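**Q** Below is a structure I'd like to ask you about.
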Amino acid sequence: MVFSRTLRAILIYGGIALLVLLACYYGSRPQGIHLTRADLLVEDGLGYPPPSRVQDWRALKGQWQQVDLPHAPKPKMVPGSGDAGLLPTQTSWYHFALGPEHAAPRGAYIYIPRWKTDGELAIYIDGRLFWQTHANLQWNGSNRPLWIPLEEAAESAPPRDILIRIRHVRGIGGALSTLWIGDYRQLGAAYYMRAFFQAELPYISSAVFLATGVFAFLIWLRSRHEKMYLLYAVMTLATFLRVMHAYMGADRLPVSDAWFGWITVNSVGWTVLIIHLFLAAIHHHRARVLTWIIVMMCVGLGGLTLPLFEGTTDATIISPLMYVTMVAVGAATFTLHIFWSRRAGKLEGAGLAICGLLSFILGARDMLLQSNIIDIESLFVSFYAQILLIVVFSQIMMSRYLKAMKAVGEANVVLARSLAEREAELTASHQKLREVERREVLFQERQRLMQDMHDGLGSSLVSTLRMVEHGHIDEADIAQLLKGCIDDLKLTIDSMEPVETDLLLLLGTLRFRLQPRLEATGIRLRWDVRDVPPLPWLDQRHSLHVLRILQEAFTNVIKHAGATKIVVTTGVREGQVCVGVADNGRGFDTAAAAQGRGLGNQARRAEVIGGRVELESGPAGTRFTLLLPVAGTAQSGEAAPGAE
């Protein structure tokens, strides 16, 4: 549906533009002196001798006859080679006598809408060679109208006569349209409009088509499975080669006439084959027999006229026979494709096949013009059908390209939606995992606190209760034990506060809790703490181990050392953080103390967090050192050992 609307719009606007151009063409009719009759003399010869520098029309031998213009003899049978292997040729002389009524104005031009020859054309003004073609013999730019200024020929008087020499192959014949003589104002618009329609428009359309083919070829290089892009690119090249004869030849070609004729004539068959394969790819009808017929036609005609060997048939000479064969095969091919496309419901294929059939129908009309059967001053119209074919081709590929881009966009939308859904699923799953993890952490923290309170505070309370029940303790001792229980409870609570890897913050909390108790016992605390590296592993669980270890150290000093001063220090030794607790009390036997329960608990707690403890004691006092790793803990999953 989109293709149909777009194609309809292109055809409508393109038709309007073409009608405007045709109106401009027919509205720019030439004015001035119109020469519609000439005297004609025909001479037989061999080969293509160059024209002489001077030529008096009265000196030519033969019978002159008056003919009406345009003059276009019907072609005859193609003759064989003449003497010495030279091609039999003819020279047609057209003489125009310019009387007083045909006097050329100042700044005049000769305008020849069309001329045809498989040779060269020369123009004599008052017996002198004034202008001649300098291109190839067969492909000599005869599709371009001639626009020749007469300013150089005007000396003292206007030209009196014009003699035109056309050398061509004998039997095929040359042709000449009517002549116009006038100034730029009278003939300029007519010349430029005709040159545009006969040569420039075919060149522009085929060049633009070829440019789109380069783009399609680059797409095919990226996506080799998209064979239609390759067929489209090859089609643009074949079309460009086919149309070359419409605008090339005014200057000498870089290849010989034989090769240029082989390319431009055989390219008709190539376009039939490419369009056939393209249409087969659209409606998916293989048509193997038809494909082999077209291939054999292209190979047979191309091989028959391939100019590699001496005596090979020239494609230009037998082009009418080749065109008849190609038009017949092409018309049948496109008719079948119209039927196949309609049956498959492929409107774009039917449109392309119709344009192809139209181009061959108009091509048959152009064959009649080329054969001098219809008025030679009319235009070759198959070029315009070919432009329509180019438009339909381009529209099909553009439609497919836009559909592919739309499919990519839709795929991206689906992918983005799937990605968003997957992201939402992952987010929900992550939230669930975080909730499970949070619950697990809370459960572990609850278990840790319950275990610690059971082993520490609970054990102390049970021991105190039993001693009270048996009457083995007085009120002062009970008060001391209860203070210890309160300290245990405070440390447990403090361990729940976030310390964010900061050991000094944790030590500050310990100082805040224990300093009042130390002062109550008459022990002075000296705080000599320095900055230490952060401990990434230090969280609430491990903080309690550190607090318990240091609490035990302070408790031992209070209970057993009889000290008056405690010094707390921090530092770094061998990549480990050191926390030291030193007192000035009486020393003790460290070997015996190592067998006790208190130091054993400290050592086990230190091992849980990947650290260790050191103990030094002497008459001057005791130093307890806790060594903590910087990188991490060794046994972070172990349960805390029981307190003393």
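By order of appearance in the structure tokens: chains A, B, ..., then residues from 1 within every chain, and ligands from 1 in the order shown.
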Mind the document's chain letters and residue numbers, and return as a compact mmCIF listing (two decimals) with all heavy atoms, in the first residue's frame the residues of stretch 333-405 of chain A that DSSP labels helix (DSSP H, G or I).
**A**
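Generated file (states20.txt):
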```
# COMPACT_ATOMS: atom_id res chain seq x y z
N THR A 333 9.31 -11.91 -21.87
CA THR A 333 9.74 -12.05 -20.47
C THR A 333 8.93 -11.14 -19.56
O THR A 333 8.41 -11.58 -18.52
CB THR A 333 11.24 -11.70 -20.35
OG1 THR A 333 11.99 -12.63 -21.14
CG2 THR A 333 11.69 -11.78 -18.90
N PHE A 334 8.77 -9.89 -19.93
CA PHE A 334 8.07 -8.94 -19.06
C PHE A 334 6.57 -9.23 -19.03
O PHE A 334 5.91 -8.99 -18.00
CB PHE A 334 8.34 -7.52 -19.51
CG PHE A 334 9.79 -7.12 -19.38
CD1 PHE A 334 10.44 -6.46 -20.40
CD2 PHE A 334 10.51 -7.46 -18.25
CE1 PHE A 334 11.78 -6.12 -20.28
CE2 PHE A 334 11.84 -7.11 -18.12
CZ PHE A 334 12.48 -6.45 -19.14
N THR A 335 6.02 -9.75 -20.12
CA THR A 335 4.60 -10.13 -20.11
C THR A 335 4.37 -11.25 -19.11
O THR A 335 3.39 -11.22 -18.33
CB THR A 335 4.16 -10.56 -21.52
OG1 THR A 335 4.38 -9.49 -22.44
CG2 THR A 335 2.69 -10.95 -21.52
N LEU A 336 5.26 -12.25 -19.11
CA LEU A 336 5.14 -13.35 -18.15
C LEU A 336 5.31 -12.84 -16.72
O LEU A 336 4.59 -13.27 -15.81
CB LEU A 336 6.18 -14.42 -18.46
CG LEU A 336 5.95 -15.24 -19.74
CD1 LEU A 336 7.13 -16.15 -20.01
CD2 LEU A 336 4.67 -16.06 -19.62
N HIS A 337 6.22 -11.92 -16.52
CA HIS A 337 6.45 -11.41 -15.17
C HIS A 337 5.28 -10.57 -14.67
O HIS A 337 5.02 -10.52 -13.46
CB HIS A 337 7.75 -10.60 -15.12
CG HIS A 337 8.96 -11.45 -14.95
ND1 HIS A 337 9.22 -12.18 -13.81
CD2 HIS A 337 10.00 -11.71 -15.80
CE1 HIS A 337 10.36 -12.83 -13.94
NE2 HIS A 337 10.85 -12.57 -15.14
N ILE A 338 4.57 -9.91 -15.58
CA ILE A 338 3.37 -9.19 -15.16
C ILE A 338 2.34 -10.18 -14.60
O ILE A 338 1.73 -9.96 -13.55
CB ILE A 338 2.77 -8.40 -16.34
CG1 ILE A 338 3.72 -7.25 -16.74
CG2 ILE A 338 1.41 -7.84 -15.98
CD1 ILE A 338 3.29 -6.54 -18.01
N PHE A 339 2.17 -11.31 -15.32
CA PHE A 339 1.24 -12.34 -14.87
C PHE A 339 1.68 -12.94 -13.55
O PHE A 339 0.87 -13.09 -12.61
CB PHE A 339 1.13 -13.42 -15.95
CG PHE A 339 0.36 -14.63 -15.50
CD1 PHE A 339 -1.02 -14.60 -15.37
CD2 PHE A 339 1.04 -15.81 -15.21
CE1 PHE A 339 -1.72 -15.73 -14.95
CE2 PHE A 339 0.35 -16.94 -14.80
CZ PHE A 339 -1.03 -16.90 -14.66
N TRP A 340 2.97 -13.29 -13.42
CA TRP A 340 3.48 -13.92 -12.19
C TRP A 340 3.39 -12.96 -11.00
O TRP A 340 3.08 -13.36 -9.89
CB TRP A 340 4.91 -14.38 -12.39
CG TRP A 340 5.02 -15.56 -13.32
CD1 TRP A 340 4.10 -16.54 -13.52
CD2 TRP A 340 6.12 -15.86 -14.19
NE1 TRP A 340 4.54 -17.44 -14.46
CE2 TRP A 340 5.78 -17.05 -14.89
CE3 TRP A 340 7.34 -15.25 -14.47
CZ2 TRP A 340 6.63 -17.64 -15.82
CZ3 TRP A 340 8.20 -15.84 -15.38
CH2 TRP A 340 7.85 -17.02 -16.06
N SER A 341 3.69 -11.69 -11.23
CA SER A 341 3.65 -10.71 -10.13
C SER A 341 2.22 -10.50 -9.65
O SER A 341 1.97 -10.40 -8.44
CB SER A 341 4.26 -9.38 -10.58
OG SER A 341 5.63 -9.54 -10.89
N ARG A 342 1.27 -10.42 -10.59
CA ARG A 342 -0.13 -10.25 -10.20
C ARG A 342 -0.63 -11.47 -9.43
O ARG A 342 -1.38 -11.34 -8.46
CB ARG A 342 -0.99 -9.99 -11.43
CG ARG A 342 -0.81 -8.60 -12.03
CD ARG A 342 -1.66 -8.44 -13.28
NE ARG A 342 -3.08 -8.64 -12.97
CZ ARG A 342 -3.90 -7.70 -12.52
NH1 ARG A 342 -3.43 -6.47 -12.30
NH2 ARG A 342 -5.16 -7.96 -12.28
N ARG A 343 -0.23 -12.66 -9.87
CA ARG A 343 -0.66 -13.88 -9.19
C ARG A 343 -0.08 -13.95 -7.78
O ARG A 343 -0.73 -14.45 -6.86
CB ARG A 343 -0.23 -15.10 -10.00
CG ARG A 343 -0.78 -16.42 -9.44
CD ARG A 343 -0.43 -17.57 -10.35
NE ARG A 343 1.01 -17.76 -10.44
CZ ARG A 343 1.61 -18.69 -11.19
NH1 ARG A 343 0.86 -19.50 -11.94
NH2 ARG A 343 2.92 -18.80 -11.22
N ALA A 344 1.15 -13.45 -7.61
CA ALA A 344 1.79 -13.47 -6.28
C ALA A 344 1.38 -12.26 -5.44
O ALA A 344 1.79 -12.17 -4.28
CB ALA A 344 3.31 -13.49 -6.43
N LEU A 347 2.63 -5.98 -6.25
CA LEU A 347 2.34 -4.81 -7.08
C LEU A 347 3.63 -4.19 -7.61
O LEU A 347 3.67 -3.74 -8.77
CB LEU A 347 1.56 -3.79 -6.27
CG LEU A 347 1.19 -2.48 -6.99
CD1 LEU A 347 0.32 -2.78 -8.21
CD2 LEU A 347 0.49 -1.53 -6.04
N GLU A 348 4.66 -4.15 -6.77
CA GLU A 348 5.91 -3.53 -7.22
C GLU A 348 6.54 -4.31 -8.37
O GLU A 348 7.09 -3.73 -9.31
CB GLU A 348 6.88 -3.45 -6.04
CG GLU A 348 7.13 -4.77 -5.36
CD GLU A 348 7.96 -4.64 -4.10
OE1 GLU A 348 8.15 -3.51 -3.62
OE2 GLU A 348 8.41 -5.69 -3.60
N GLY A 349 6.43 -5.66 -8.32
CA GLY A 349 6.95 -6.47 -9.43
C GLY A 349 6.17 -6.23 -10.70
O GLY A 349 6.74 -6.13 -11.80
N ALA A 350 4.83 -6.15 -10.59
CA ALA A 350 4.01 -5.89 -11.77
C ALA A 350 4.33 -4.52 -12.36
O ALA A 350 4.42 -4.36 -13.59
CB ALA A 350 2.52 -5.98 -11.40
N GLY A 351 4.51 -3.51 -11.49
CA GLY A 351 4.86 -2.18 -11.99
C GLY A 351 6.18 -2.17 -12.72
O GLY A 351 6.32 -1.54 -13.79
N LEU A 352 7.18 -2.87 -12.18
CA LEU A 352 8.49 -2.93 -12.83
C LEU A 352 8.40 -3.66 -14.16
O LEU A 352 9.00 -3.23 -15.16
CB LEU A 352 9.49 -3.62 -11.90
CG LEU A 352 10.92 -3.75 -12.42
CD1 LEU A 352 11.52 -2.38 -12.68
CD2 LEU A 352 11.78 -4.53 -11.44
N ALA A 353 7.66 -4.76 -14.20
CA ALA A 353 7.51 -5.51 -15.45
C ALA A 353 6.78 -4.68 -16.51
O ALA A 353 7.14 -4.72 -17.70
CB ALA A 353 6.78 -6.81 -15.18
N ILE A 354 5.77 -3.92 -16.10
CA ILE A 354 5.06 -3.06 -17.05
C ILE A 354 6.00 -2.00 -17.62
O ILE A 354 5.99 -1.73 -18.83
CB ILE A 354 3.84 -2.42 -16.36
CG1 ILE A 354 2.78 -3.48 -16.06
CG2 ILE A 354 3.25 -1.31 -17.22
CD1 ILE A 354 1.62 -2.96 -15.23
N CYS A 355 6.82 -1.41 -16.75
CA CYS A 355 7.79 -0.41 -17.24
C CYS A 355 8.79 -1.04 -18.19
O CYS A 355 9.18 -0.44 -19.21
CB CYS A 355 8.50 0.23 -16.06
SG CYS A 355 7.45 1.28 -15.04
N GLY A 356 9.24 -2.27 -17.87
CA GLY A 356 10.15 -2.96 -18.77
C GLY A 356 9.51 -3.25 -20.12
O GLY A 356 10.13 -3.05 -21.18
N LEU A 357 8.26 -3.71 -20.09
CA LEU A 357 7.55 -3.98 -21.35
C LEU A 357 7.35 -2.69 -22.14
O LEU A 357 7.53 -2.67 -23.38
CB LEU A 357 6.20 -4.62 -21.04
CG LEU A 357 5.32 -4.98 -22.24
CD1 LEU A 357 6.03 -5.98 -23.15
CD2 LEU A 357 3.98 -5.53 -21.77
N LEU A 358 7.01 -1.60 -21.45
CA LEU A 358 6.84 -0.32 -22.12
C LEU A 358 8.13 0.15 -22.78
O LEU A 358 8.13 0.66 -23.90
CB LEU A 358 6.34 0.73 -21.12
CG LEU A 358 6.13 2.15 -21.67
CD1 LEU A 358 5.07 2.15 -22.75
CD2 LEU A 358 5.76 3.11 -20.54
N SER A 359 9.25 -0.05 -22.08
CA SER A 359 10.53 0.38 -22.65
C SER A 359 10.85 -0.40 -23.92
O SER A 359 11.41 0.15 -24.87
CB SER A 359 11.64 0.20 -21.61
OG SER A 359 11.84 -1.17 -21.33
N PHE A 360 10.47 -1.68 -23.98
CA PHE A 360 10.76 -2.47 -25.18
C PHE A 360 9.78 -2.14 -26.30
O PHE A 360 10.14 -2.19 -27.48
CB PHE A 360 10.73 -3.97 -24.85
CG PHE A 360 12.05 -4.46 -24.34
CD1 PHE A 360 12.38 -4.33 -23.01
CD2 PHE A 360 12.97 -5.03 -25.20
CE1 PHE A 360 13.61 -4.77 -22.54
CE2 PHE A 360 14.20 -5.47 -24.74
CZ PHE A 360 14.52 -5.34 -23.41
N ILE A 361 8.54 -1.81 -25.95
CA ILE A 361 7.59 -1.37 -26.99
C ILE A 361 8.08 -0.07 -27.62
O ILE A 361 8.09 0.09 -28.85
CB ILE A 361 6.19 -1.21 -26.38
CG1 ILE A 361 5.64 -2.58 -25.96
CG2 ILE A 361 5.26 -0.53 -27.37
CD1 ILE A 361 4.31 -2.49 -25.24
N LEU A 362 8.48 0.87 -26.75
CA LEU A 362 9.01 2.13 -27.28
C LEU A 362 10.36 1.90 -27.96
O LEU A 362 10.72 2.64 -28.89
CB LEU A 362 9.15 3.14 -26.15
CG LEU A 362 7.83 3.56 -25.48
CD1 LEU A 362 8.10 4.59 -24.39
CD2 LEU A 362 6.86 4.10 -26.50
N GLY A 363 11.11 0.89 -27.50
CA GLY A 363 12.35 0.56 -28.18
C GLY A 363 12.11 0.07 -29.59
O GLY A 363 12.91 0.35 -30.51
N ALA A 364 11.02 -0.68 -29.79
CA ALA A 364 10.68 -1.10 -31.15
C ALA A 364 10.36 0.12 -32.02
O ALA A 364 10.73 0.17 -33.21
CB ALA A 364 9.48 -2.05 -31.11
N ARG A 365 9.70 1.11 -31.42
CA ARG A 365 9.43 2.34 -32.17
C ARG A 365 10.73 3.05 -32.53
O ARG A 365 10.88 3.57 -33.65
CB ARG A 365 8.52 3.22 -31.31
CG ARG A 365 8.14 4.54 -31.96
CD ARG A 365 9.03 5.65 -31.48
NE ARG A 365 8.69 6.94 -32.04
CZ ARG A 365 9.49 8.00 -32.01
NH1 ARG A 365 10.69 7.89 -31.44
NH2 ARG A 365 9.11 9.14 -32.54
N ASP A 366 11.70 3.06 -31.58
CA ASP A 366 12.98 3.70 -31.87
C ASP A 366 13.75 2.94 -32.94
O ASP A 366 14.56 3.54 -33.68
CB ASP A 366 13.82 3.78 -30.59
CG ASP A 366 13.28 4.82 -29.62
OD1 ASP A 366 12.40 5.60 -30.02
OD2 ASP A 366 13.74 4.84 -28.46
N MET A 367 13.54 1.61 -33.04
CA MET A 367 14.18 0.85 -34.12
C MET A 367 13.69 1.32 -35.48
O MET A 367 14.45 1.41 -36.45
CB MET A 367 13.90 -0.64 -33.95
CG MET A 367 14.67 -1.30 -32.81
SD MET A 367 14.20 -3.03 -32.61
CE MET A 367 14.46 -3.66 -34.26
N LEU A 368 12.41 1.65 -35.55
CA LEU A 368 11.87 2.18 -36.80
C LEU A 368 12.49 3.54 -37.11
O LEU A 368 12.78 3.85 -38.27
CB LEU A 368 10.35 2.30 -36.70
CG LEU A 368 9.58 1.00 -36.47
CD1 LEU A 368 8.09 1.27 -36.34
CD2 LEU A 368 9.86 0.01 -37.59
N LEU A 369 12.70 4.35 -36.08
CA LEU A 369 13.35 5.65 -36.30
C LEU A 369 14.80 5.45 -36.74
O LEU A 369 15.27 6.12 -37.66
CB LEU A 369 13.28 6.49 -35.03
CG LEU A 369 13.70 7.95 -35.12
CD1 LEU A 369 12.98 8.78 -34.05
CD2 LEU A 369 15.21 8.13 -34.94
N GLN A 370 15.49 4.51 -36.08
CA GLN A 370 16.88 4.24 -36.43
C GLN A 370 16.98 3.70 -37.86
O GLN A 370 17.99 3.93 -38.55
CB GLN A 370 17.48 3.23 -35.44
CG GLN A 370 18.94 2.92 -35.67
CD GLN A 370 19.84 4.11 -35.40
OE1 GLN A 370 19.50 5.00 -34.62
NE2 GLN A 370 20.99 4.15 -36.07
N SER A 382 12.51 5.67 -26.12
CA SER A 382 12.76 4.58 -25.18
C SER A 382 13.59 5.05 -23.99
O SER A 382 13.55 4.44 -22.91
CB SER A 382 13.48 3.42 -25.88
OG SER A 382 14.74 3.85 -26.39
N PHE A 383 14.34 6.13 -24.18
CA PHE A 383 15.11 6.68 -23.05
C PHE A 383 14.19 7.11 -21.91
O PHE A 383 14.51 6.92 -20.74
CB PHE A 383 15.93 7.89 -23.51
CG PHE A 383 16.99 7.55 -24.52
CD1 PHE A 383 17.23 8.38 -25.60
CD2 PHE A 383 17.73 6.39 -24.39
CE1 PHE A 383 18.21 8.06 -26.53
CE2 PHE A 383 18.71 6.06 -25.32
CZ PHE A 383 18.95 6.90 -26.40
N TYR A 384 13.02 7.67 -22.28
CA TYR A 384 12.12 8.16 -21.24
C TYR A 384 11.41 7.01 -20.53
O TYR A 384 11.15 7.08 -19.32
CB TYR A 384 11.11 9.12 -21.86
CG TYR A 384 11.79 10.22 -22.64
CD1 TYR A 384 11.71 10.29 -24.02
CD2 TYR A 384 12.58 11.15 -21.97
CE1 TYR A 384 12.38 11.27 -24.73
CE2 TYR A 384 13.24 12.15 -22.68
CZ TYR A 384 13.15 12.20 -24.06
OH TYR A 384 13.81 13.17 -24.74
N ALA A 385 11.12 5.94 -21.28
CA ALA A 385 10.61 4.74 -20.61
C ALA A 385 11.67 4.16 -19.69
O ALA A 385 11.37 3.62 -18.62
CB ALA A 385 10.18 3.71 -21.66
N GLN A 386 12.91 4.29 -20.12
CA GLN A 386 14.00 3.79 -19.27
C GLN A 386 14.12 4.63 -18.00
O GLN A 386 14.43 4.11 -16.93
CB GLN A 386 15.31 3.82 -20.06
CG GLN A 386 16.46 3.15 -19.34
CD GLN A 386 17.58 2.82 -20.30
OE1 GLN A 386 17.54 1.85 -21.03
NE2 GLN A 386 18.60 3.65 -20.28
N ILE A 387 13.88 5.94 -18.11
CA ILE A 387 13.87 6.79 -16.92
C ILE A 387 12.77 6.34 -15.96
O ILE A 387 12.98 6.27 -14.74
CB ILE A 387 13.70 8.26 -17.32
CG1 ILE A 387 14.93 8.76 -18.08
CG2 ILE A 387 13.45 9.13 -16.08
CD1 ILE A 387 14.78 10.16 -18.64
N LEU A 388 11.60 6.03 -16.53
CA LEU A 388 10.51 5.51 -15.69
C LEU A 388 10.91 4.19 -15.05
O LEU A 388 10.61 3.94 -13.87
CB LEU A 388 9.26 5.34 -16.54
CG LEU A 388 8.00 4.85 -15.80
CD1 LEU A 388 7.61 5.83 -14.71
CD2 LEU A 388 6.86 4.64 -16.79
N LEU A 389 11.60 3.35 -15.80
CA LEU A 389 12.09 2.08 -15.25
C LEU A 389 13.07 2.33 -14.11
O LEU A 389 13.05 1.64 -13.08
CB LEU A 389 12.77 1.28 -16.37
CG LEU A 389 13.21 -0.15 -16.05
CD1 LEU A 389 12.00 -1.03 -15.84
CD2 LEU A 389 14.08 -0.70 -17.19
N ILE A 390 13.93 3.34 -14.27
CA ILE A 390 14.88 3.70 -13.21
C ILE A 390 14.14 4.15 -11.97
O ILE A 390 14.48 3.76 -10.84
CB ILE A 390 15.83 4.80 -13.72
CG1 ILE A 390 16.78 4.24 -14.78
CG2 ILE A 390 16.63 5.40 -12.56
CD1 ILE A 390 17.62 5.29 -15.47
N VAL A 391 13.09 4.96 -12.16
CA VAL A 391 12.32 5.46 -11.02
C VAL A 391 11.68 4.31 -10.26
O VAL A 391 11.73 4.24 -9.02
CB VAL A 391 11.25 6.46 -11.50
CG1 VAL A 391 10.30 6.82 -10.36
CG2 VAL A 391 11.91 7.73 -12.04
N VAL A 392 11.08 3.35 -10.98
CA VAL A 392 10.42 2.22 -10.33
C VAL A 392 11.45 1.35 -9.62
O VAL A 392 11.25 0.90 -8.49
CB VAL A 392 9.62 1.40 -11.35
CG1 VAL A 392 9.00 0.18 -10.70
CG2 VAL A 392 8.53 2.26 -11.97
N PHE A 393 12.57 1.09 -10.29
CA PHE A 393 13.66 0.33 -9.67
C PHE A 393 14.08 1.00 -8.35
O PHE A 393 14.20 0.34 -7.30
CB PHE A 393 14.86 0.27 -10.61
CG PHE A 393 15.14 -1.11 -11.13
CD1 PHE A 393 14.99 -1.40 -12.46
CD2 PHE A 393 15.57 -2.11 -10.29
CE1 PHE A 393 15.24 -2.66 -12.96
CE2 PHE A 393 15.84 -3.37 -10.76
CZ PHE A 393 15.67 -3.66 -12.11
N SER A 394 14.34 2.30 -8.42
CA SER A 394 14.80 3.03 -7.23
C SER A 394 13.75 3.00 -6.14
O SER A 394 14.07 2.86 -4.95
CB SER A 394 15.14 4.48 -7.61
OG SER A 394 16.12 4.51 -8.63
N GLN A 395 12.46 3.13 -6.52
CA GLN A 395 11.39 3.11 -5.53
C GLN A 395 11.31 1.76 -4.84
O GLN A 395 11.10 1.68 -3.62
CB GLN A 395 10.06 3.46 -6.20
CG GLN A 395 8.85 3.29 -5.31
CD GLN A 395 8.92 4.15 -4.07
OE1 GLN A 395 9.58 5.18 -4.07
NE2 GLN A 395 8.26 3.73 -3.00
N ILE A 396 11.48 0.68 -5.60
CA ILE A 396 11.44 -0.66 -5.00
C ILE A 396 12.56 -0.82 -3.99
O ILE A 396 12.34 -1.29 -2.86
CB ILE A 396 11.54 -1.74 -6.10
CG1 ILE A 396 10.27 -1.75 -6.94
CG2 ILE A 396 11.78 -3.11 -5.48
CD1 ILE A 396 10.33 -2.70 -8.13
N MET A 397 13.76 -0.41 -4.37
CA MET A 397 14.90 -0.57 -3.45
C MET A 397 14.78 0.36 -2.26
O MET A 397 15.11 -0.01 -1.13
CB MET A 397 16.21 -0.31 -4.20
CG MET A 397 16.50 -1.32 -5.31
SD MET A 397 16.32 -3.05 -4.78
CE MET A 397 17.56 -3.14 -3.51
N MET A 398 14.27 1.58 -2.50
CA MET A 398 14.09 2.49 -1.38
C MET A 398 13.04 1.95 -0.41
O MET A 398 13.21 2.03 0.81
CB MET A 398 13.67 3.88 -1.88
CG MET A 398 13.50 4.91 -0.77
SD MET A 398 12.94 6.51 -1.42
CE MET A 398 14.35 6.95 -2.43
N SER A 399 11.96 1.39 -0.98
CA SER A 399 10.92 0.82 -0.13
C SER A 399 11.47 -0.32 0.70
O SER A 399 11.20 -0.42 1.90
CB SER A 399 9.76 0.34 -1.01
OG SER A 399 8.78 -0.32 -0.23
N ARG A 400 12.26 -1.18 0.08
CA ARG A 400 12.84 -2.29 0.83
C ARG A 400 13.84 -1.80 1.87
O ARG A 400 13.92 -2.34 2.98
CB ARG A 400 13.51 -3.28 -0.13
CG ARG A 400 12.51 -4.06 -0.95
CD ARG A 400 13.17 -5.05 -1.88
NE ARG A 400 12.16 -5.88 -2.50
CZ ARG A 400 11.74 -7.04 -2.03
NH1 ARG A 400 12.27 -7.52 -0.91
NH2 ARG A 400 10.80 -7.74 -2.63
N TYR A 401 14.59 -0.79 1.51
CA TYR A 401 15.57 -0.25 2.46
C TYR A 401 14.86 0.37 3.67
O TYR A 401 15.25 0.16 4.81
CB TYR A 401 16.44 0.79 1.76
CG TYR A 401 17.49 1.41 2.65
CD1 TYR A 401 18.65 0.71 2.99
CD2 TYR A 401 17.34 2.70 3.15
CE1 TYR A 401 19.61 1.27 3.80
CE2 TYR A 401 18.30 3.27 3.97
CZ TYR A 401 19.44 2.54 4.27
OH TYR A 401 20.39 3.11 5.10
N LEU A 402 13.77 1.13 3.39
CA LEU A 402 13.03 1.74 4.49
C LEU A 402 12.35 0.68 5.35
O LEU A 402 12.27 0.82 6.58
CB LEU A 402 11.99 2.71 3.93
CG LEU A 402 12.56 3.96 3.23
CD1 LEU A 402 11.44 4.82 2.67
CD2 LEU A 402 13.42 4.77 4.20
N LYS A 403 11.84 -0.38 4.71
CA LYS A 403 11.25 -1.48 5.48
C LYS A 403 12.30 -2.14 6.37
O LYS A 403 12.02 -2.48 7.53
CB LYS A 403 10.64 -2.51 4.54
CG LYS A 403 9.34 -2.05 3.88
CD LYS A 403 8.79 -3.14 2.97
CE LYS A 403 7.50 -2.69 2.30
NZ LYS A 403 6.98 -3.74 1.37
N ALA A 404 13.50 -2.32 5.81
CA ALA A 404 14.56 -2.91 6.62
C ALA A 404 14.94 -2.00 7.79
O ALA A 404 15.13 -2.47 8.92
CB ALA A 404 15.80 -3.16 5.74
N MET A 405 15.00 -0.68 7.53
CA MET A 405 15.29 0.25 8.61
C MET A 405 14.18 0.25 9.65
O MET A 405 14.45 0.31 10.87
CB MET A 405 15.47 1.66 8.04
CG MET A 405 16.69 1.81 7.14
SD MET A 405 18.24 1.54 8.02
CE MET A 405 18.22 2.93 9.13
```
**Q** Please identify all polymer residues within 9 Å of stretch 212-224 of chain A, counting only C-alpha atoms, omitting same-chain residues fewer than 2 positions from it, and present them as an MDAnalysis selection string.
**A** chainID A and resid 207:210 226:237 394 397
**Q** Counting only C-alpha atoms, which of A:Val329, A:Leu241, A:Leu129, A:Ala258 gets nearest to A:Leu308?
**A**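 Nearest candidate to A:Leu308 out of A:Val329, A:Leu241, A:Leu129, A:Ala258: A:Ala258.
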**Q** Which parts of stretch 119-238 of chain A does DSSP call strand (DSSP E) when run on the backbone here, written out as a list in words?
**A**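 Answer for stretch 119-238 of chain A restricted to strand (DSSP E) is Leu121, Ala122, Ile123, Tyr124, Ile125, Arg128, Leu129, Phe130, Trp131, Gln132, Leu146, Trp147, Ile148, Pro149, Asp161, Ile162, Leu163, Ile164, Arg165, Ile166, Arg167, His168, Val169, Ala175, Leu176, Leu179, Trp180, Ile181 and Gly182 of chain A.
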**Q** Could you list, as a list in words, every residue within 7 Å of A:Ala315, counting only C-alpha atoms and ignoring same-chain residues fewer than 3 positions away?
**A**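 Once the nearby chain positions are removed, what remains is Gly261, Trp262, Val265, Thr305, Ile318 and Ser319 of chain A.
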